[in-house]
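Engineer: One structure, pasted below without further comment.
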Amino acid sequence: MNSAFAETELMKERFAKLLLGEDMSGGGNGVSTALAISNAITNLSASVFSQLWKLQPLSPQKKAIWYREMEWFLCISDSIVELVPSVQNFPGGGTFEIMVPQPRSDLFVNVPALKKIDAMLLNILDGFSNSEFCYVERGIVVSGDDDTKNFMLSLTSGLEEKWWLPFPKVPQKGLSENARKKLQQCRECTNQILKAAMAINSNVLAEMEIPDTYLDSLPKSAKSCLGETLHGYLAADKFSPDGFMDRLDSSSEFTSLEVANQIEAAAHIWNQKGRSTTSSSSWGGKKLKSSAAEIPKCKILAKRAENVLHSLRIRFPGLPQTSLDMSKIQHNRDVGRAIIESYSRVMESLAFNIVARIEDLLYVDDATKQRAAAESLYTAQGRLSCSFAKQRWISPTAPFSFDHSGELVSYHHDSGTIPQSPRNSHSREREPLDQALEKLTF
């Protein structure tokens with residue numbers, strides 16, 4: 001009874017915060033309802049999945065919190081409907097047409113898909129309950145000899161860019177074939193889920209209107225927005241998105257997010273100029289002049305910029321949101337789109353983190369197996385060299401050898417036969433060892 005009462009009070013608090021726009025003082029200084037719901041889903045994801053540093057199931061408490069509060073936020077979408085015409089029959093005969101409510105098409109398609117993605121990701125995490133690997137803190141010295149410690153330190157240095165994460169530890173000979181195959185299957189499945197979440201998120205962001213504040217902040221010229229280098233790459237006679245990406249990789253002065261912001265701004269400038277049917281068009285209080293001859297070129301450059309943006313998002317799945325994306329989310333007033341965008345974004349982040357943790361684990365497993373194979377090869381070579389040395393010690397083709405008593409046994413190469421030991425021959429006396437060695441020629 002007490003738990004049900006506490007849950008009801010918590011639900012009231014959540015919805016009161018949404019209605020007041022996160023301004024619990026009631027002063028009317030809160031944000032829009034759409035932004036409040038977006039922030040609520042983002043904060044809930046951060047509290048539940050922020051510690052996803054290990055491949056392990058969620059605790060039952062966190063899983064219960066996630067399911068319970070997401071149901072609260074998603075139930076809002078049940079009241080977002082659209083009116084569609086429907087033909088009804090009169091009781092006495094005849095028909096008439098009326099408008100009936102039905103769930104809005106984007107919510108009807110995307111919300112069930114996101115729920116399925118959510119369940120699949122949590123099932124993937126539940127599959128790591130009994131694993132062959134474990135995690136150790138980076139500051140803890142691992143047990144074992146000095147070689148093992150040095151090897152673990154070399155692995156941690158390879159993952160030093162993720163210094164805050166615990167270090168995955170596998171058995172000395174690496175993971176079993178079944179465990180590794182399962183990891184690879186989980187990675188492929190999660191990659192497909194990641195692509196689906198990214199597609200939903202990009203589609204809903206594309207449907208949001210571009211805020212006037214963002215348009216007002218753009219310069220009049222795309223060249224001034226891009227700079228000489230980027231503009232030269234995009235305006236070259238021979239252009240390909242892959243070649244553009246290769247040039248960016250070799251240039252250290254650009255970061256992927258900065259390039260995405262600049263190219264996205266230039267694409268909107270070119271799109272606006274390309275849609276101009278007159279010599280100038282009004283945009284955010286500005287006059288963008290474009291001649292009739294420039295319109296086809298602007299359309300080509302805008303298409304190139306959009307292709308480069310698409311390539312950037314594919315090459316860098318964890319690319320943060322651009323300035324335009326954040327501006328759209330902040331100024332969005334559509335509650336349904338806010339739910340789809342925030343839900344798909346947190347699912348995208350969760351899928352990306354799972355893929356990253358799997359790749360870290362596979363990296364450590366590969367290095368461990370390479371070390372185990374090298375040690376096995378070194379041991380086998382050592383045994384082979386010892387066996388070969390023993391054969392050379394008692395080989396009949398050697399110029400001399402020793403019998404079991406340690407006495408020298410000599411023979412002649414041209415005879416092709418091995419003589420008897422001197423101690424078994426009574427026809428000759430045994431020569432001293434020094435004299436026998438003096439007679440030998442190598």
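Just so we're on the same page: first chain in the structure tokens is A, next is B, and so on; residues restart at 1 for each chain, and ligands are numbered from 1 in the order they show up.
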Just the residues within 6 Å of A:Gly21, please, counting only C-alpha atoms, with nothing from its chain fewer than 5 positions along; format it as number ranges by chain.

Structural biologist: A: 30-33, 36

Engineer: For A:Glu348, which residue among A:Ser176, A:Asn2, A:Asn201, A:Gln56 is the nearest when counting only C-alpha atoms?

Structural biologist: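 Using only C-alpha atoms, the shortest distance to A:Glu348 belongs to A:Asn201.
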
Engineer: Any idea what the distance is between atom CA of A:Pro171 and atom CA of A:Gly127?

Structural biologist: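 Computed distance, atom CA of A:Pro171 to atom CA of A:Gly127, equals 19.1 Å.
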
Engineer: Excluding stretch 82-95 of chain A and any residue of its chain fewer than 4 positions from it, enumerate the residues within 12 Å of it, using only C-alpha atoms, and give them as a list of chain:residue names.

Structural biologist: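 Once the nearby chain positions are removed, what remains is A:Ser77, A:Asp78, A:Met99, A:Val100, A:Pro101, A:Gln102, A:Pro103, A:Arg104, A:Ser105, A:Asp106, A:Leu107, A:Phe108, A:Gly336.
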
Engineer: Which polymer residues have any atom within 12 Å of an atom of A:Glu22, counting only C-alpha atoms, with same-chain residues fewer than 6 positions away left out, as an mmCIF file with N, CA, C and O atoms, in the first residue's frame?

Structural biologist:
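Result went into around_0.cif, see below:
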```
data_model
loop_
_atom_site.group_PDB
_atom_site.id
_atom_site.type_symbol
_atom_site.label_atom_id
_atom_site.label_comp_id
_atom_site.auth_asym_id
_atom_site.auth_seq_id
_atom_site.Cartn_x
_atom_site.Cartn_y
_atom_site.Cartn_z
ATOM 1 N N GLU A 13 4.276 14.207 -9.238
ATOM 2 C CA GLU A 13 5.395 15.150 -9.285
ATOM 3 C C GLU A 13 5.968 15.265 -10.694
ATOM 4 O O GLU A 13 6.282 16.367 -11.163
ATOM 5 N N ARG A 14 6.086 14.124 -11.385
ATOM 6 C CA ARG A 14 6.632 14.137 -12.747
ATOM 7 C C ARG A 14 5.733 14.943 -13.684
ATOM 8 O O ARG A 14 6.211 15.775 -14.460
ATOM 9 N N PHE A 15 4.429 14.690 -13.639
ATOM 10 C CA PHE A 15 3.525 15.383 -14.549
ATOM 11 C C PHE A 15 3.377 16.857 -14.173
ATOM 12 O O PHE A 15 3.190 17.707 -15.055
ATOM 13 N N ALA A 16 3.446 17.181 -12.894
ATOM 14 C CA ALA A 16 3.410 18.592 -12.490
ATOM 15 C C ALA A 16 4.624 19.333 -13.033
ATOM 16 O O ALA A 16 4.508 20.488 -13.493
ATOM 17 N N GLY A 28 5.912 30.896 -14.079
ATOM 18 C CA GLY A 28 5.704 31.050 -15.518
ATOM 19 C C GLY A 28 6.965 31.218 -16.317
ATOM 20 O O GLY A 28 6.911 31.673 -17.466
ATOM 21 N N ASN A 29 8.093 30.854 -15.770
ATOM 22 C CA ASN A 29 9.369 30.997 -16.471
ATOM 23 C C ASN A 29 9.886 29.658 -17.008
ATOM 24 O O ASN A 29 11.070 29.526 -17.306
ATOM 25 N N GLY A 30 9.007 28.686 -17.097
ATOM 26 C CA GLY A 30 9.429 27.374 -17.535
ATOM 27 C C GLY A 30 9.570 27.276 -19.044
ATOM 28 O O GLY A 30 9.243 28.205 -19.795
ATOM 29 N N VAL A 31 10.056 26.146 -19.487
ATOM 30 C CA VAL A 31 10.223 25.890 -20.911
ATOM 31 C C VAL A 31 8.922 25.326 -21.470
ATOM 32 O O VAL A 31 7.949 25.115 -20.725
ATOM 33 N N SER A 32 8.904 25.083 -22.769
ATOM 34 C CA SER A 32 7.709 24.525 -23.385
ATOM 35 C C SER A 32 7.498 23.088 -22.920
ATOM 36 O O SER A 32 8.421 22.420 -22.448
ATOM 37 N N THR A 33 6.273 22.606 -23.081
ATOM 38 C CA THR A 33 5.957 21.239 -22.668
ATOM 39 C C THR A 33 6.756 20.226 -23.472
ATOM 40 O O THR A 33 7.212 19.208 -22.929
ATOM 41 N N ALA A 34 6.944 20.484 -24.764
ATOM 42 C CA ALA A 34 7.704 19.567 -25.607
ATOM 43 C C ALA A 34 9.150 19.453 -25.119
ATOM 44 O O ALA A 34 9.700 18.347 -25.008
ATOM 45 N N LEU A 35 9.762 20.590 -24.815
ATOM 46 C CA LEU A 35 11.142 20.549 -24.326
ATOM 47 C C LEU A 35 11.218 19.924 -22.945
ATOM 48 O O LEU A 35 12.187 19.222 -22.620
ATOM 49 N N ALA A 36 10.200 20.146 -22.106
ATOM 50 C CA ALA A 36 10.193 19.536 -20.772
ATOM 51 C C ALA A 36 10.133 18.012 -20.865
ATOM 52 O O ALA A 36 10.830 17.306 -20.123
ATOM 53 N N ILE A 37 9.321 17.476 -21.786
ATOM 54 C CA ILE A 37 9.240 16.021 -21.961
ATOM 55 C C ILE A 37 10.557 15.481 -22.518
ATOM 56 O O ILE A 37 11.052 14.429 -22.081
ATOM 57 N N SER A 38 11.138 16.211 -23.468
ATOM 58 C CA SER A 38 12.429 15.783 -24.020
ATOM 59 C C SER A 38 13.500 15.734 -22.949
ATOM 60 O O SER A 38 14.281 14.769 -22.863
ATOM 61 N N ASN A 39 13.552 16.756 -22.110
ATOM 62 C CA ASN A 39 14.539 16.770 -21.025
ATOM 63 C C ASN A 39 14.268 15.668 -20.012
ATOM 64 O O ASN A 39 15.211 15.071 -19.453
ATOM 65 N N ALA A 40 12.985 15.381 -19.741
ATOM 66 C CA ALA A 40 12.649 14.342 -18.768
ATOM 67 C C ALA A 40 13.111 12.969 -19.249
ATOM 68 O O ALA A 40 13.679 12.186 -18.473
#
```

Engineer: I need the residues of stretch 44-269 of chain A that end up classed as helix (DSSP H, G or I) by DSSP on the backbone, written out as a ChimeraX atom specification.

Structural biologist: /A:44-49,60-79,105-126,146-158,160-162,177-207,212-217,222-226,228-234,241-250,256-269

Engineer: Just the number, please: distance in Å from atom CA of A:Thr42 to atom CA of A:Ile340, one decimal.

Structural biologist: 11.8 Å

Engineer: Using atom CA of A:Ser45 and atom CA of A:Trp66 as the two end points, give the distance in Å to one decimal.

Structural biologist: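 Result for atom CA of A:Ser45 versus atom CA of A:Trp66: 7.7 Å, one decimal.
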
Engineer: Choose the residue, out of A:Trp53, A:Asn307, A:Gln172, A:Ala196, that has the smallest atom-to-atom separation from A:Glu137; count only C-alpha atoms.

Structural biologist: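 Using only C-alpha atoms, A:Glu137 sits closest to A:Trp53.
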
Engineer: Using only C-alpha atoms, which residue out of A:Ile354, A:Ala64, A:Ala113, A:Ala119 lies closest to A:Ala199?

Structural biologist: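 Result for the nearest residue to A:Ala199: A:Ala113.
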
Engineer: Report as a PyMOL selection string all protein, DNA and RNA residues lying within 12 Å of A:Phe239, evaluated on only C-alpha atoms, omitting residues in the same chain fewer than 2 positions from it.

Structural biologist: chain A and resi 231-237+241-247+300-301+303-305+307-308

Engineer: Produce a file of the selected residues containing N, CA, C and O atoms, as a PDB file, in the first residue's frame.

Structural biologist:
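File again-v9.pdb, as written:
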```
ATOM      1  N   HIS A 231      35.467  25.173 -48.561  1.00  0.00           N
ATOM      2  CA  HIS A 231      34.752  25.599 -49.766  1.00  0.00           C
ATOM      3  C   HIS A 231      35.457  25.106 -51.019  1.00  0.00           C
ATOM      4  O   HIS A 231      34.809  24.699 -52.000  1.00  0.00           O
ATOM      5  N   GLY A 232      36.798  25.127 -50.996  1.00  0.00           N
ATOM      6  CA  GLY A 232      37.535  24.618 -52.146  1.00  0.00           C
ATOM      7  C   GLY A 232      37.310  23.129 -52.362  1.00  0.00           C
ATOM      8  O   GLY A 232      37.218  22.668 -53.505  1.00  0.00           O
ATOM      9  N   TYR A 233      37.213  22.356 -51.272  1.00  0.00           N
ATOM     10  CA  TYR A 233      36.936  20.919 -51.403  1.00  0.00           C
ATOM     11  C   TYR A 233      35.569  20.672 -52.029  1.00  0.00           C
ATOM     12  O   TYR A 233      35.415  19.830 -52.920  1.00  0.00           O
ATOM     13  N   LEU A 234      34.553  21.419 -51.556  1.00  0.00           N
ATOM     14  CA  LEU A 234      33.192  21.183 -52.035  1.00  0.00           C
ATOM     15  C   LEU A 234      32.968  21.699 -53.455  1.00  0.00           C
ATOM     16  O   LEU A 234      32.174  21.134 -54.202  1.00  0.00           O
ATOM     17  N   ALA A 235      33.654  22.774 -53.813  1.00  0.00           N
ATOM     18  CA  ALA A 235      33.436  23.388 -55.121  1.00  0.00           C
ATOM     19  C   ALA A 235      34.378  22.859 -56.192  1.00  0.00           C
ATOM     20  O   ALA A 235      34.380  23.385 -57.311  1.00  0.00           O
ATOM     21  N   ALA A 236      35.171  21.839 -55.872  1.00  0.00           N
ATOM     22  CA  ALA A 236      36.113  21.295 -56.864  1.00  0.00           C
ATOM     23  C   ALA A 236      35.357  20.660 -58.023  1.00  0.00           C
ATOM     24  O   ALA A 236      34.215  20.202 -57.888  1.00  0.00           O
ATOM     25  N   ASP A 237      36.012  20.638 -59.187  1.00  0.00           N
ATOM     26  CA  ASP A 237      35.375  20.043 -60.369  1.00  0.00           C
ATOM     27  C   ASP A 237      35.131  18.554 -60.181  1.00  0.00           C
ATOM     28  O   ASP A 237      34.065  18.033 -60.531  1.00  0.00           O
ATOM     29  N   PRO A 241      32.153  12.281 -52.027  1.00  0.00           N
ATOM     30  CA  PRO A 241      32.116  12.354 -50.559  1.00  0.00           C
ATOM     31  C   PRO A 241      33.257  11.588 -49.892  1.00  0.00           C
ATOM     32  O   PRO A 241      33.818  12.044 -48.886  1.00  0.00           O
ATOM     33  N   ASP A 242      33.636  10.426 -50.457  1.00  0.00           N
ATOM     34  CA  ASP A 242      34.728   9.644 -49.862  1.00  0.00           C
ATOM     35  C   ASP A 242      36.054  10.387 -49.961  1.00  0.00           C
ATOM     36  O   ASP A 242      36.846  10.402 -49.011  1.00  0.00           O
ATOM     37  N   GLY A 243      36.297  11.009 -51.129  1.00  0.00           N
ATOM     38  CA  GLY A 243      37.531  11.789 -51.266  1.00  0.00           C
ATOM     39  C   GLY A 243      37.552  12.973 -50.321  1.00  0.00           C
ATOM     40  O   GLY A 243      38.601  13.322 -49.775  1.00  0.00           O
ATOM     41  N   PHE A 244      36.401  13.597 -50.134  1.00  0.00           N
ATOM     42  CA  PHE A 244      36.308  14.709 -49.188  1.00  0.00           C
ATOM     43  C   PHE A 244      36.621  14.235 -47.776  1.00  0.00           C
ATOM     44  O   PHE A 244      37.342  14.903 -47.025  1.00  0.00           O
ATOM     45  N   MET A 245      36.089  13.063 -47.394  1.00  0.00           N
ATOM     46  CA  MET A 245      36.340  12.537 -46.061  1.00  0.00           C
ATOM     47  C   MET A 245      37.810  12.182 -45.874  1.00  0.00           C
ATOM     48  O   MET A 245      38.381  12.388 -44.794  1.00  0.00           O
ATOM     49  N   ASP A 246      38.453  11.663 -46.916  1.00  0.00           N
ATOM     50  CA  ASP A 246      39.874  11.329 -46.821  1.00  0.00           C
ATOM     51  C   ASP A 246      40.711  12.577 -46.611  1.00  0.00           C
ATOM     52  O   ASP A 246      41.694  12.567 -45.860  1.00  0.00           O
ATOM     53  N   ARG A 247      40.345  13.656 -47.267  1.00  0.00           N
ATOM     54  CA  ARG A 247      41.079  14.909 -47.078  1.00  0.00           C
ATOM     55  C   ARG A 247      40.901  15.441 -45.660  1.00  0.00           C
ATOM     56  O   ARG A 247      41.830  15.988 -45.066  1.00  0.00           O
ATOM     57  N   ILE A 300      23.600  22.174 -56.842  1.00  0.00           N
ATOM     58  CA  ILE A 300      24.633  21.125 -56.874  1.00  0.00           C
ATOM     59  C   ILE A 300      25.451  21.152 -55.586  1.00  0.00           C
ATOM     60  O   ILE A 300      25.724  20.107 -54.975  1.00  0.00           O
ATOM     61  N   LEU A 301      25.855  22.356 -55.161  1.00  0.00           N
ATOM     62  CA  LEU A 301      26.663  22.466 -53.945  1.00  0.00           C
ATOM     63  C   LEU A 301      25.862  22.042 -52.711  1.00  0.00           C
ATOM     64  O   LEU A 301      26.418  21.428 -51.785  1.00  0.00           O
ATOM     65  N   LYS A 303      23.496  19.791 -52.651  1.00  0.00           N
ATOM     66  CA  LYS A 303      23.435  18.330 -52.697  1.00  0.00           C
ATOM     67  C   LYS A 303      24.746  17.711 -52.228  1.00  0.00           C
ATOM     68  O   LYS A 303      24.759  16.716 -51.498  1.00  0.00           O
ATOM     69  N   ARG A 304      25.855  18.304 -52.654  1.00  0.00           N
ATOM     70  CA  ARG A 304      27.159  17.804 -52.194  1.00  0.00           C
ATOM     71  C   ARG A 304      27.285  17.922 -50.685  1.00  0.00           C
ATOM     72  O   ARG A 304      27.778  17.005 -50.014  1.00  0.00           O
ATOM     73  N   ALA A 305      26.863  19.056 -50.137  1.00  0.00           N
ATOM     74  CA  ALA A 305      26.959  19.251 -48.685  1.00  0.00           C
ATOM     75  C   ALA A 305      26.102  18.236 -47.936  1.00  0.00           C
ATOM     76  O   ALA A 305      26.526  17.701 -46.902  1.00  0.00           O
ATOM     77  N   ASN A 307      25.325  15.224 -48.981  1.00  0.00           N
ATOM     78  CA  ASN A 307      26.006  13.925 -49.088  1.00  0.00           C
ATOM     79  C   ASN A 307      27.170  13.821 -48.112  1.00  0.00           C
ATOM     80  O   ASN A 307      27.404  12.762 -47.512  1.00  0.00           O
ATOM     81  N   VAL A 308      27.904  14.907 -47.944  1.00  0.00           N
ATOM     82  CA  VAL A 308      29.024  14.896 -46.994  1.00  0.00           C
ATOM     83  C   VAL A 308      28.508  14.742 -45.568  1.00  0.00           C
ATOM     84  O   VAL A 308      29.086  14.008 -44.755  1.00  0.00           O
TER      85      VAL A 308
END
```
